[in-house]
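Engineer: Coordinates in protein-v6.txt, compact mmCIF, C-alpha atoms and all ligand atoms, are listed below.
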# COMPACT_ATOMS: atom_id res chain seq x y z
CA MET A 1 -88.98 4.20 148.72
CA TRP A 2 -92.54 3.37 149.68
CA ARG A 3 -94.84 3.36 152.70
CA TYR A 4 -98.07 1.53 153.46
CA HIS A 5 -100.42 2.43 156.29
CA ASN A 6 -103.89 1.32 157.38
CA PRO A 7 -105.04 1.49 161.01
CA VAL A 8 -108.43 -0.30 160.75
CA ARG A 9 -108.96 -3.45 162.88
CA ILE A 10 -110.82 -5.96 160.71
CA HIS A 11 -113.14 -8.55 162.25
CA PHE A 12 -114.14 -10.99 159.51
CA GLY A 13 -116.50 -13.95 159.40
CA THR A 14 -120.04 -15.24 159.60
CA GLY A 15 -121.51 -14.10 162.90
CA ALA A 16 -119.00 -11.26 163.36
CA PHE A 17 -121.93 -8.83 163.69
CA ASP A 18 -122.45 -10.12 167.22
CA GLN A 19 -119.13 -8.52 168.22
CA VAL A 20 -120.35 -4.97 167.61
CA ALA A 21 -121.96 -4.54 171.03
CA GLY A 22 -118.69 -5.48 172.74
CA LEU A 23 -116.77 -3.02 170.57
CA ILE A 24 -119.14 -0.21 171.58
CA ALA A 25 -118.08 -1.08 175.13
CA GLY A 26 -120.65 0.98 176.99
CA ARG A 27 -120.00 4.19 175.05
CA ARG A 28 -122.89 6.45 173.94
CA TYR A 29 -123.49 5.49 170.32
CA ALA A 30 -125.47 6.48 167.24
CA THR A 31 -126.55 4.11 164.48
CA VAL A 32 -126.74 4.92 160.77
CA SER A 33 -128.61 2.74 158.27
CA TYR A 34 -131.26 2.59 155.52
CA ASP A 35 -135.00 2.78 155.93
CA ALA A 36 -135.83 -0.89 155.24
CA PRO A 37 -137.17 -3.71 157.42
CA TYR A 38 -134.00 -5.82 157.25
CA PHE A 39 -131.83 -2.94 158.47
CA GLU A 40 -134.37 -2.01 161.13
CA SER A 41 -134.10 -5.57 162.45
CA LEU A 42 -130.28 -5.44 162.47
CA THR A 43 -130.32 -2.11 164.34
CA ARG A 44 -132.83 -3.52 166.83
CA ARG A 45 -130.61 -6.58 167.34
CA LEU A 46 -127.66 -4.32 168.08
CA CYS A 47 -129.65 -2.13 170.49
CA ALA A 48 -130.87 -5.23 172.34
CA ALA A 49 -127.26 -6.28 172.90
CA ALA A 50 -125.62 -2.88 173.47
CA GLY A 51 -128.40 -0.92 175.15
CA PRO A 52 -130.34 1.89 173.45
CA ALA A 53 -128.57 4.19 170.99
CA VAL A 54 -128.62 7.95 171.73
CA LEU A 55 -129.53 8.55 168.08
CA ARG A 56 -130.77 6.33 165.23
CA ILE A 57 -130.51 7.72 161.73
CA ASP A 58 -132.30 5.20 159.56
CA ASN A 59 -133.17 6.98 156.35
CA ILE A 60 -129.93 6.99 154.34
CA THR A 61 -130.55 6.91 150.59
CA PRO A 62 -128.13 5.79 147.83
CA ASN A 63 -125.41 8.29 146.86
CA PRO A 64 -125.60 10.53 149.96
CA ASP A 65 -126.16 14.11 148.89
CA PHE A 66 -126.15 17.56 150.47
CA THR A 67 -129.91 17.60 151.19
CA MET A 68 -130.09 14.21 152.89
CA LEU A 69 -126.84 14.77 154.80
CA GLY A 70 -128.02 18.23 155.89
CA ALA A 71 -131.06 16.68 157.58
CA ALA A 72 -128.98 13.91 159.19
CA CYS A 73 -126.39 16.36 160.58
CA ALA A 74 -129.19 18.58 161.94
CA ARG A 75 -130.53 15.63 163.90
CA LEU A 76 -127.07 14.90 165.27
CA ALA A 77 -126.55 18.56 166.27
CA GLU A 78 -129.88 18.47 168.17
CA THR A 79 -128.98 15.34 170.12
CA ARG A 80 -128.61 16.26 173.78
CA GLU A 81 -125.95 13.67 174.53
CA ALA A 82 -123.46 13.59 171.68
CA PRO A 83 -122.50 10.06 170.65
CA GLU A 84 -118.98 8.86 171.49
CA VAL A 85 -119.00 6.38 168.61
CA ILE A 86 -121.00 6.01 165.38
CA VAL A 87 -122.00 2.58 164.06
CA ALA A 88 -122.82 2.30 160.34
CA ILE A 89 -124.78 -0.74 159.11
CA GLY A 90 -125.11 -0.68 155.33
CA GLY A 91 -123.33 -0.28 152.02
CA GLY A 92 -121.10 2.56 150.83
CA SER A 93 -123.87 5.14 151.02
CA VAL A 94 -124.49 4.44 154.70
CA ILE A 95 -120.78 4.20 155.49
CA ASP A 96 -119.99 7.48 153.75
CA ALA A 97 -122.95 9.20 155.43
CA ALA A 98 -121.60 7.98 158.79
CA LYS A 99 -118.20 9.49 157.94
CA VAL A 100 -119.86 12.84 157.23
CA LEU A 101 -121.73 12.60 160.54
CA ALA A 102 -118.44 11.87 162.30
CA VAL A 103 -117.37 15.46 161.49
CA GLY A 104 -120.89 16.90 161.14
CA GLY A 105 -121.69 17.56 164.81
CA LYS A 106 -121.70 21.34 164.26
CA GLY A 107 -124.19 20.98 161.41
CA PHE A 108 -123.76 20.21 157.72
CA HIS A 109 -122.93 23.83 156.77
CA ALA A 110 -119.45 23.27 158.28
CA VAL A 111 -118.93 20.12 156.16
CA ARG A 112 -120.23 21.89 153.08
CA ALA A 113 -117.89 24.86 153.62
CA HIS A 114 -115.01 22.43 154.03
CA LEU A 115 -115.85 20.61 150.78
CA GLU A 116 -116.55 23.72 148.73
CA THR A 117 -113.33 25.45 149.77
CA GLY A 118 -111.18 22.37 149.23
CA GLY A 119 -110.52 22.15 152.99
CA ARG A 120 -109.46 25.79 153.41
CA SER A 121 -112.46 26.83 155.53
CA ARG A 122 -111.12 25.13 158.68
CA SER A 123 -114.75 24.74 159.71
CA LEU A 124 -114.67 21.12 160.84
CA PRO A 125 -114.16 19.86 164.38
CA GLY A 126 -110.58 18.97 165.35
CA ARG A 127 -111.49 15.33 165.96
CA ALA A 128 -113.92 13.02 164.20
CA VAL A 129 -116.23 10.79 166.26
CA PRO A 130 -114.80 7.22 166.09
CA LEU A 131 -116.48 4.90 163.59
CA ILE A 132 -117.43 1.23 163.75
CA ILE A 133 -118.41 0.05 160.28
CA VAL A 134 -120.52 -2.97 159.31
CA PRO A 135 -120.60 -3.21 155.49
CA THR A 136 -123.60 -5.02 154.00
CA THR A 137 -122.40 -4.88 150.39
CA ALA A 138 -119.19 -6.46 149.08
CA GLY A 139 -118.09 -3.45 147.12
CA THR A 140 -116.90 -0.04 148.22
CA GLY A 141 -114.18 -0.99 150.70
CA SER A 142 -115.17 2.20 152.54
CA GLU A 143 -114.90 0.23 155.80
CA VAL A 144 -111.10 0.49 155.46
CA THR A 145 -110.65 3.87 153.76
CA SER A 146 -110.36 7.36 155.24
CA TRP A 147 -112.68 9.15 152.83
CA ALA A 148 -116.32 9.51 151.87
CA THR A 149 -117.92 10.30 148.52
CA VAL A 150 -120.42 13.14 148.90
CA TRP A 151 -122.77 14.15 146.09
CA ASP A 152 -124.20 17.60 145.40
CA THR A 153 -126.98 16.35 143.15
CA GLU A 154 -128.43 19.81 142.52
CA ALA A 155 -125.16 21.29 141.29
CA ALA A 156 -124.17 17.96 139.64
CA LYS A 157 -120.89 17.77 141.57
CA LYS A 158 -119.06 15.05 143.45
CA TYR A 159 -116.80 15.70 146.43
CA SER A 160 -114.45 13.59 148.47
CA LEU A 161 -114.30 14.18 152.21
CA ALA A 162 -110.89 12.88 153.27
CA ARG A 163 -109.24 12.91 156.68
CA GLU A 164 -106.92 10.53 158.49
CA ASP A 165 -109.33 10.30 161.43
CA LEU A 166 -112.13 9.05 159.14
CA TYR A 167 -110.42 5.67 159.10
CA PRO A 168 -112.88 3.57 161.11
CA THR A 169 -111.47 2.05 164.30
CA ASP A 170 -113.15 -1.26 163.46
CA ALA A 171 -114.61 -2.92 160.36
CA ILE A 172 -116.94 -5.84 161.05
CA VAL A 173 -117.26 -7.80 157.82
CA ASP A 174 -119.96 -10.45 158.19
CA PRO A 175 -120.83 -12.22 154.91
CA ALA A 176 -124.15 -13.40 156.38
CA LEU A 177 -125.39 -9.79 156.25
CA MET A 178 -124.86 -9.80 152.48
CA LEU A 179 -127.08 -12.80 151.71
CA SER A 180 -130.06 -10.52 151.10
CA LEU A 181 -128.26 -8.31 148.57
CA PRO A 182 -130.26 -8.44 145.30
CA ARG A 183 -128.63 -9.71 142.11
CA ASP A 184 -128.18 -6.31 140.43
CA HIS A 185 -126.49 -4.85 143.53
CA THR A 186 -124.37 -7.99 143.92
CA ILE A 187 -123.09 -7.38 140.38
CA SER A 188 -122.57 -3.62 140.63
CA THR A 189 -120.90 -3.70 144.05
CA GLY A 190 -118.72 -6.67 143.08
CA LEU A 191 -117.55 -4.78 140.00
CA ASP A 192 -116.82 -1.72 142.16
CA ALA A 193 -114.46 -3.92 144.18
CA LEU A 194 -112.81 -5.20 140.99
CA SER A 195 -112.39 -1.63 139.82
CA HIS A 196 -110.78 -0.59 143.13
CA ALA A 197 -108.30 -3.45 142.85
CA LEU A 198 -107.31 -2.73 139.24
CA GLU A 199 -107.29 1.06 139.70
CA SER A 200 -104.83 0.70 142.58
CA LEU A 201 -102.49 -1.23 140.26
CA TRP A 202 -102.34 1.18 137.30
CA ASN A 203 -101.71 3.94 139.75
CA VAL A 204 -98.72 6.21 140.34
CA ASN A 205 -99.18 5.60 144.11
CA ALA A 206 -99.00 1.77 143.91
CA ASN A 207 -96.57 0.01 146.25
CA PRO A 208 -95.75 -3.68 146.83
CA VAL A 209 -98.24 -4.04 149.70
CA SER A 210 -101.16 -2.38 147.90
CA THR A 211 -100.27 -4.41 144.80
CA ASN A 212 -100.43 -7.69 146.72
CA PHE A 213 -103.83 -6.82 148.16
CA ALA A 214 -105.04 -5.78 144.71
CA ILE A 215 -103.95 -9.01 143.00
CA SER A 216 -105.76 -11.15 145.60
CA ALA A 217 -108.83 -8.93 145.43
CA ALA A 218 -109.10 -8.92 141.63
CA ARG A 219 -108.57 -12.68 141.41
CA GLY A 220 -111.21 -13.12 144.10
CA VAL A 221 -113.87 -11.14 142.23
CA LEU A 222 -113.09 -12.74 138.85
CA ARG A 223 -113.23 -16.20 140.37
CA HIS A 224 -116.19 -15.90 142.76
CA LEU A 225 -118.72 -13.42 141.36
CA GLY A 226 -120.02 -15.88 138.72
CA PRO A 227 -120.52 -18.81 141.15
CA LEU A 228 -122.18 -16.45 143.64
CA LEU A 229 -124.63 -15.25 140.98
CA ALA A 230 -125.44 -18.89 140.20
CA ASP A 231 -126.37 -19.41 143.87
CA ALA A 232 -126.99 -16.15 145.75
CA ALA A 233 -127.53 -18.03 149.01
CA ASP A 234 -124.04 -19.59 148.98
CA ILE A 235 -122.45 -18.16 152.13
CA THR A 236 -118.98 -19.42 151.13
CA GLN A 237 -119.09 -17.44 147.88
CA ARG A 238 -120.49 -14.40 149.75
CA GLY A 239 -117.49 -14.74 152.06
CA HIS A 240 -115.04 -14.82 149.13
CA MET A 241 -116.62 -11.69 147.64
CA ALA A 242 -116.68 -9.90 151.01
CA GLN A 243 -113.01 -10.69 151.51
CA ALA A 244 -112.13 -9.55 147.99
CA ALA A 245 -113.95 -6.24 148.49
CA THR A 246 -112.16 -5.53 151.78
CA LEU A 247 -108.78 -6.49 150.29
CA ALA A 248 -109.48 -4.12 147.40
CA GLY A 249 -110.28 -1.46 150.00
CA LEU A 250 -106.93 -2.09 151.69
CA ALA A 251 -105.23 -1.71 148.31
CA PHE A 252 -106.82 1.56 147.23
CA SER A 253 -106.87 3.03 150.75
CA ASN A 254 -103.22 3.86 150.04
CA THR A 255 -103.33 4.68 146.34
CA LYS A 256 -106.80 6.15 145.71
CA THR A 257 -108.43 5.28 142.39
CA ALA A 258 -107.55 6.31 138.82
CA LEU A 259 -109.05 6.92 135.38
CA ALA A 260 -112.03 4.53 135.45
CA HIS A 261 -113.34 6.15 138.64
CA SER A 262 -112.64 9.64 137.35
CA LEU A 263 -114.81 8.82 134.31
CA SER A 264 -117.53 7.29 136.46
CA TYR A 265 -118.62 10.39 138.38
CA PRO A 266 -120.26 12.28 135.49
CA ALA A 267 -121.85 8.98 134.35
CA THR A 268 -123.51 8.67 137.76
CA LEU A 269 -124.37 12.37 138.08
CA HIS A 270 -125.78 12.91 134.59
CA HIS A 271 -127.13 9.46 133.69
CA GLY A 272 -127.86 7.87 137.09
CA ILE A 273 -125.63 4.89 136.31
CA PRO A 274 -124.95 2.98 139.58
CA HIS A 275 -121.43 3.61 140.87
CA GLY A 276 -120.20 0.02 140.45
CA ILE A 277 -121.30 -0.12 136.80
CA ALA A 278 -120.08 3.40 136.04
CA CYS A 279 -116.57 2.68 137.35
CA SER A 280 -116.18 -0.72 135.69
CA PHE A 281 -117.54 -0.58 132.13
CA THR A 282 -114.35 1.22 131.00
CA LEU A 283 -111.97 -1.24 132.70
CA PRO A 284 -110.98 -3.17 129.54
CA ALA A 285 -110.07 0.06 127.67
CA VAL A 286 -108.29 1.49 130.71
CA MET A 287 -106.38 -1.78 131.14
CA GLN A 288 -105.36 -1.75 127.50
CA SER A 289 -104.06 1.80 127.89
CA ALA A 290 -102.13 0.81 131.03
CA ILE A 291 -100.33 -2.17 129.48
CA GLY A 292 -96.69 -1.34 128.81
CA ALA A 293 -96.66 1.83 130.94
CA ASN A 294 -95.02 0.26 133.98
CA PRO A 295 -93.29 -3.15 134.35
CA ALA A 296 -94.51 -3.73 137.93
CA CYS A 297 -98.09 -3.07 136.87
CA ASP A 298 -97.73 -5.40 133.86
CA GLU A 299 -96.38 -8.12 136.14
CA ALA A 300 -99.29 -7.69 138.58
CA LEU A 301 -101.79 -7.81 135.70
CA ARG A 302 -100.16 -11.05 134.47
CA GLN A 303 -100.70 -12.58 137.89
CA ILE A 304 -104.40 -11.80 137.53
CA PHE A 305 -105.04 -12.36 133.81
CA GLY A 306 -102.24 -14.72 132.71
CA ASP A 307 -99.10 -14.12 130.63
CA ASP A 308 -100.81 -12.79 127.52
CA LEU A 309 -102.23 -9.42 128.56
CA ALA A 310 -103.95 -8.77 125.21
CA THR A 311 -105.97 -11.93 125.83
CA GLY A 312 -106.48 -10.67 129.39
CA VAL A 313 -108.18 -7.53 128.07
CA ARG A 314 -110.45 -9.65 125.87
CA ASN A 315 -111.26 -11.94 128.83
CA LEU A 316 -112.10 -8.94 131.00
CA SER A 317 -114.45 -7.64 128.29
CA ALA A 318 -116.04 -11.08 128.03
CA PHE A 319 -116.45 -11.20 131.82
CA LEU A 320 -118.34 -7.88 131.78
CA ASP A 321 -120.30 -8.95 128.72
CA GLY A 322 -121.37 -12.12 130.52
CA LEU A 323 -122.77 -9.93 133.31
CA GLY A 324 -124.71 -7.87 130.78
CA ILE A 325 -122.44 -4.81 131.06
CA ALA A 326 -121.68 -2.97 127.81
CA THR A 327 -118.03 -1.89 127.59
CA ASP A 328 -118.54 1.23 125.47
CA HIS A 329 -120.14 4.53 126.46
CA ASN A 330 -122.88 4.34 123.80
CA GLY A 331 -124.09 1.12 125.38
CA HIS A 332 -124.87 3.15 128.51
CA GLY A 333 -126.74 5.89 126.67
CA ILE A 334 -123.82 8.34 126.75
CA GLY A 335 -123.35 10.36 123.55
CA ASP A 336 -119.95 10.83 121.88
CA ARG A 337 -119.58 14.59 122.42
CA GLU A 338 -120.46 14.32 126.08
CA TRP A 339 -118.09 11.40 126.48
CA TRP A 340 -115.04 13.07 124.93
CA GLY A 341 -115.59 16.11 127.15
CA TRP A 342 -115.60 13.86 130.21
CA LEU A 343 -112.47 12.06 129.06
CA ASP A 344 -110.50 15.34 128.94
CA GLU A 345 -111.81 16.39 132.36
CA ALA A 346 -111.16 12.94 133.83
CA LEU A 347 -107.54 12.97 132.66
CA ASP A 348 -107.04 16.41 134.21
CA GLY A 349 -108.71 15.50 137.54
CA GLU A 350 -106.87 14.21 140.61
CA ARG A 351 -107.92 10.59 140.05
CA GLY A 352 -107.06 10.79 136.35
CA GLN A 353 -103.62 12.11 137.23
CA ASN A 354 -103.06 8.94 139.27
CA PHE A 355 -103.26 6.89 136.07
CA ILE A 356 -99.87 5.64 134.84
CA ALA A 357 -100.40 5.81 131.06
CA PRO A 358 -99.63 8.88 128.94
CA ARG A 359 -102.58 10.92 127.68
CA GLU A 360 -101.85 10.12 124.01
CA ARG A 361 -102.07 6.41 124.74
CA VAL A 362 -105.49 6.88 126.36
CA TYR A 363 -106.78 8.79 123.31
CA GLU A 364 -105.34 6.12 121.03
CA ILE A 365 -107.15 3.29 122.85
CA PHE A 366 -110.41 5.12 123.53
CA GLY A 367 -110.37 6.10 119.88
CA GLY A 368 -111.08 9.80 120.06
CA GLY A 369 -111.01 12.81 122.34
CA ALA A 370 -110.34 16.46 121.76
CA GLY A 371 -106.63 15.94 122.24
N1 LIG A 401 -115.70 5.87 150.48
C1 LIG A 401 -115.26 5.05 149.55
O1 LIG A 401 -114.13 4.63 149.61
C2 LIG A 401 -116.18 4.65 148.42
C3 LIG A 401 -115.72 3.76 147.45
C4 LIG A 401 -116.61 3.39 146.43
C5 LIG A 401 -117.91 3.86 146.41
N2 LIG A 401 -118.32 4.75 147.38
C6 LIG A 401 -119.70 5.29 147.39
O2 LIG A 401 -120.57 4.30 147.94
C7 LIG A 401 -121.88 4.45 147.40
C8 LIG A 401 -122.37 3.13 146.84
O3 LIG A 401 -122.40 2.18 147.87
P1 LIG A 401 -122.87 0.67 147.58
O4 LIG A 401 -122.53 0.33 146.20
O5 LIG A 401 -122.34 -0.17 148.67
O6 LIG A 401 -124.45 0.71 147.65
P2 LIG A 401 -125.48 1.61 148.48
O7 LIG A 401 -125.05 1.77 149.89
O8 LIG A 401 -125.79 2.84 147.70
O9 LIG A 401 -126.76 0.65 148.47
C9 LIG A 401 -127.39 0.30 147.25
C10 LIG A 401 -128.70 -0.42 147.54
O10 LIG A 401 -128.44 -1.69 148.12
C11 LIG A 401 -129.28 -1.92 149.23
N3 LIG A 401 -128.59 -2.83 150.15
C12 LIG A 401 -127.38 -2.65 150.72
N4 LIG A 401 -127.02 -3.74 151.44
C13 LIG A 401 -128.04 -4.63 151.32
C14 LIG A 401 -128.27 -5.94 151.81
N5 LIG A 401 -127.35 -6.60 152.56
N6 LIG A 401 -129.45 -6.53 151.52
C15 LIG A 401 -130.38 -5.91 150.75
N7 LIG A 401 -130.21 -4.67 150.22
C16 LIG A 401 -129.05 -4.04 150.50
C17 LIG A 401 -129.54 -0.54 149.78
O11 LIG A 401 -130.71 -0.47 150.54
C18 LIG A 401 -129.58 0.31 148.52
O12 LIG A 401 -130.88 0.36 148.00
C19 LIG A 401 -121.78 5.54 146.33
O13 LIG A 401 -122.20 6.78 146.87
C20 LIG A 401 -120.29 5.56 146.03
O14 LIG A 401 -119.86 6.80 145.53
C21 LIG A 401 -117.48 5.13 148.38
FE FE A 402 -115.66 2.78 143.68
Mind converting the file's structure to structure tokens?
Structural biologist:
Amino acid sequence: MWRYHNPVRIHFGTGAFDQVAGLIAGRRYATVSYDAPYFESLTRRLCAAAGPAVLRIDNITPNPDFTMLGAACARLAETREAPEVIVAIGGGSVIDAAKVLAVGGKGFHAVRAHLETGGRSRSLPGRAVPLIIVPTTAGTGSEVTSWATVWDTEAAKKYSLAREDLYPTDAIVDPALMLSLPRDHTISTGLDALSHALESLWNVNANPVSTNFAISAARGVLRHLGPLLADAADITQRGHMAQAATLAGLAFSNTKTALAHSLSYPATLHHGIPHGIACSFTLPAVMQSAIGANPACDEALRQIFGDDLATGVRNLSAFLDGLGIATDHNGHGIGDREWWGWLDEALDGERGQNFIAPRERVYEIFGGGAG
């Protein structure tokens, strides 16, 4: 028995950004974005078409954390006319900040209490403010998921804010908005999408629909990231990557992620490794551990990597190598002791528990661990 569900309306294509004003449909709205000229111009373009926003939050920084979100929620709480819809224009950090704001109208303390009590505080509003999401990176898939990653940088902790009503109503995926994405972010966000696709396959929650999305997404990234890097202005390749990232989002929206993501959080918190690199440098080892654990997963991996999966692992390593990404923890400045501690914690964590392979197999492939 299986079930697949995703309520987000997706509007895809070059020029799709122009549809946002119509989707706001006269409602009071807030915008959320980064503090950078390009995003200022996009927000201005939207306001010219939709009328002024009741609130513009334009200082979102990468990996949204308690301090930054506290200030953003305080501004929302002070707004005289509460927005009826929130429009996010940016990558995963902006999208996830917008999701926090969607339930942050009473102030961030309520969100914080919710996160720190694992949802037991019942401090959040009954209904989230509806979300319209315009991703500007081809990576996180957050435009079609119902959760946000929230970072407590000071305490070195990562939380996931997850609620059914954090599924955006609409995702506007316009590849033209991604043309300005610098090379390093094109690589890291593209690899995040690849990781979402693969992590939804070697996952105890996988189903035939998520698997189909994941196969298309992974093939898309493997096929199109290289050509895009050769010509960053190629809108067709941007479109392929944008589509792959959203398909990966549709896949893991129903499965969540697995071991590679579980291992990535301490790498980002303690070593500042960008999310997309942190969750992808382990993919060859995680794939090798997954092979043989589940026939449906093996079959899906064959559709991506070809019949010989051992060669597939080597090709995946070579793909990362070609992008300048080391595939071992030392290559990222992570010491052995620290790493083995993380591996144990990752396997015990919720995302690690989603992984299909037995613990012993993981230790065997990763070549160590406390056991
Ligand atoms: N909610 C989810 O399902 C989910 C999934 C994966 C990752 N995440 C989270 O998303 C965050 C990472 O998001 P991200 O990788 O999209 O990057 P990001 O939003 O952190 O942005 C990274 C950088 O790229 C710049 N940028 C973004 N779009 C641009 C564009 N079109 N042109 C020029 N510059 C641009 C930003 O200004 C920023 O400096 C992390 O906090 C991660 O934990 C969430
Ligand atoms: Fe991710």
Engineer: Compute the set of protein, DNA and RNA residues whose minimum atom distance to ligand FE 402 (chain A) is at most 8 Å, using all atoms listed in the file, and state it as a PDB file with C-alpha atoms, in the coordinates of the input.
Structural biologist:
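File written: result.pdb
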ATOM      1  CA  GLY A 139    -118.090  -3.450 147.120  1.00  0.00           C
ATOM      2  CA  THR A 140    -116.900  -0.040 148.220  1.00  0.00           C
ATOM      3  CA  ASP A 192    -116.820  -1.720 142.160  1.00  0.00           C
ATOM      4  CA  ALA A 193    -114.460  -3.920 144.180  1.00  0.00           C
ATOM      5  CA  SER A 195    -112.390  -1.630 139.820  1.00  0.00           C
ATOM      6  CA  HIS A 196    -110.780  -0.590 143.130  1.00  0.00           C
ATOM      7  CA  THR A 257    -108.430   5.280 142.390  1.00  0.00           C
ATOM      8  CA  HIS A 261    -113.340   6.150 138.640  1.00  0.00           C
ATOM      9  CA  HIS A 275    -121.430   3.610 140.870  1.00  0.00           C
ATOM     10  CA  GLY A 276    -120.200   0.020 140.450  1.00  0.00           C
ATOM     11  CA  CYS A 279    -116.570   2.680 137.350  1.00  0.00           C
TER      12      CYS A 279
END
Engineer: My list of candidates is A:Glu78, A:Glu116, A:Glu350, A:Asp152. Which is closest to ligand LIG 401 (chain A) when distances are computed with only C-alpha atoms and all ligand atoms?
Structural biologist: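 Ranked by minimum distance to ligand LIG 401 (chain A), first place goes to A:Asp152.
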Engineer: Could the residues of chain A that have an atom at most 8 Å from ligand LIG 401 (chain A) be listed as a tab-separated table, each with its closest atom pair and the distance in Å to one decimal, counting only C-alpha atoms and all ligand atoms and ordered by chain and ascending residue number?
Structural biologist:
residue	atom	partner	partner_atom	distance
A:Tyr34	CA	A:LIG401	O11	5.9
A:Asp35	CA	A:LIG401	O11	7.6
A:Ala36	CA	A:LIG401	O11	7.0
A:Tyr38	CA	A:LIG401	N6	7.4
A:Thr61	CA	A:LIG401	O8	6.9
A:Pro62	CA	A:LIG401	O8	3.8
A:Asn63	CA	A:LIG401	O13	3.5
A:Pro64	CA	A:LIG401	O13	5.9
A:Gly90	CA	A:LIG401	N4	5.3
A:Gly91	CA	A:LIG401	O7	3.4
A:Gly92	CA	A:LIG401	O3	3.3
A:Ser93	CA	A:LIG401	O7	3.7
A:Val94	CA	A:LIG401	O7	5.5
A:Ile95	CA	A:LIG401	N1	7.3
A:Asp96	CA	A:LIG401	N1	5.6
A:Pro135	CA	A:LIG401	N4	7.6
A:Thr136	CA	A:LIG401	N5	4.3
A:Thr137	CA	A:LIG401	N4	4.9
A:Ala138	CA	A:LIG401	O5	7.0
A:Gly139	CA	A:LIG401	O5	5.6
A:Thr140	CA	A:LIG401	C4	3.9
A:Gly141	CA	A:LIG401	O1	5.7
A:Ser142	CA	A:LIG401	O1	3.9
A:Glu143	CA	A:LIG401	O1	7.6
A:Val144	CA	A:LIG401	O1	7.8
A:Thr145	CA	A:LIG401	O1	5.5
A:Ser146	CA	A:LIG401	O1	7.3
A:Trp147	CA	A:LIG401	N1	5.0
A:Ala148	CA	A:LIG401	N1	3.9
A:Thr149	CA	A:LIG401	O14	5.0
A:Val150	CA	A:LIG401	O13	6.9
A:Trp151	CA	A:LIG401	O13	7.4
A:Leu177	CA	A:LIG401	N5	5.3
A:Met178	CA	A:LIG401	N5	4.1
A:Leu179	CA	A:LIG401	N5	6.3
A:Ser180	CA	A:LIG401	N6	4.1
A:Leu181	CA	A:LIG401	N6	3.6
A:Pro182	CA	A:LIG401	C15	6.0
A:His185	CA	A:LIG401	O10	5.9
A:Ser188	CA	A:LIG401	O4	6.8
A:Thr189	CA	A:LIG401	O4	4.8
A:Asp192	CA	A:LIG401	C4	6.7
A:Ala193	CA	A:LIG401	C4	7.9
A:His196	CA	A:LIG401	C4	7.8
A:Gly249	CA	A:LIG401	O1	7.2
A:Ser253	CA	A:LIG401	O1	7.5
A:Pro274	CA	A:LIG401	O4	7.5
A:His275	CA	A:LIG401	C20	5.6
A:Gly276	CA	A:LIG401	O4	6.2
Engineer: Show me, as a list in words, the residues that have an atom within 8 Å of A:Asn354 when counting all atoms listed in the file, minus same-chain residues fewer than 2 positions from it.
Structural biologist: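 Once the adjacent positions are removed, what remains is Asn203, Val204, Asn205, Lys256, Thr257, Ala258, Leu259, Glu350, Arg351, Gly352 and Ile356 of chain A.
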Engineer: For each of A:Ile273, A:Leu201, A:Ala21, A:Ala310, take the minimum atom-to-atom distance to A:Pro295, counting all atoms listed in the file, then give the residue where this is smallest.
Structural biologist: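 Among A:Ile273, A:Leu201, A:Ala21, A:Ala310, it is A:Leu201 that comes nearest to A:Pro295.
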Engineer: Would you work out the distance separating atom CA of A:Ala71 from atom CA of A:His271, expressed in Å to one decimal?
Structural biologist: 25.3 Å
Engineer: Find the residue from A:Ala171, A:Val221, A:Ala128, A:Ala48 that sits nearest to A:His11; use only C-alpha atoms when measuring.
Structural biologist: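 Nearest to A:His11: A:Ala171.
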Engineer: Find, counting only C-alpha atoms, the residue in A:Ile334, A:Leu283, A:Leu76, A:Ile187 that gets nearest to A:Arg314.
Structural biologist: A:Leu283
Engineer: Hey, what's within 9 Å of stretch 298-307 of chain A if we count all atoms listed in the file and toss same-chain stuff fewer than 3 positions away? As a VMD selection string, please?
Structural biologist: chain A and resid 198 201 to 202 211 to 212 214 to 216 218 to 219 222 287 290 to 295 311 to 313 315 to 316
Engineer: How many Å separate atom CA of A:Leu320 from atom CA of A:Leu228?
Structural biologist: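 Interatomic distance, atom CA of A:Leu320 to atom CA of A:Leu228: 15.1 Å.
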Engineer: Pick the closest to A:Ala357 from A:Ala176, A:Cys297, A:Leu101, A:Ala82: which is it, counting all atoms listed in the file?
Structural biologist: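 Among A:Ala176, A:Cys297, A:Leu101, A:Ala82, it is A:Cys297 that comes nearest to A:Ala357.
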Engineer: Could you jot down the atom CA of A:Gly333 to atom CA of A:His270 separation for me, Å, one decimal place?
Structural biologist: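 Value for the atom CA of A:Gly333-atom CA of A:His270 distance: 10.6 Å.
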Engineer: Set the distance at 8 Å and use all atoms listed in the file: which residues neighbour stretch 26-29 of chain A once local chain neighbours fewer than 5 positions away are removed? I'd like the list as a list of chain:residue names.
Structural biologist: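 Contacts, in chain order: A:Ala50, A:Ala53, A:Val54, A:Leu55, A:Glu81, A:Ala82, A:Pro83, A:Glu84, A:Val85, A:Ile86, A:Val87.
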Engineer: So that all listed atoms of stretch 291-298 of chain A fit with 4 Å spare on each side, what axis-aligned box centre and edge lengths in Å, to one decimal, would you give as JSON?
Structural biologist:
{"center_x": -96.8, "center_y": -1.8, "center_z": 133.4, "size_x": 15.0, "size_y": 15.2, "size_z": 17.1}
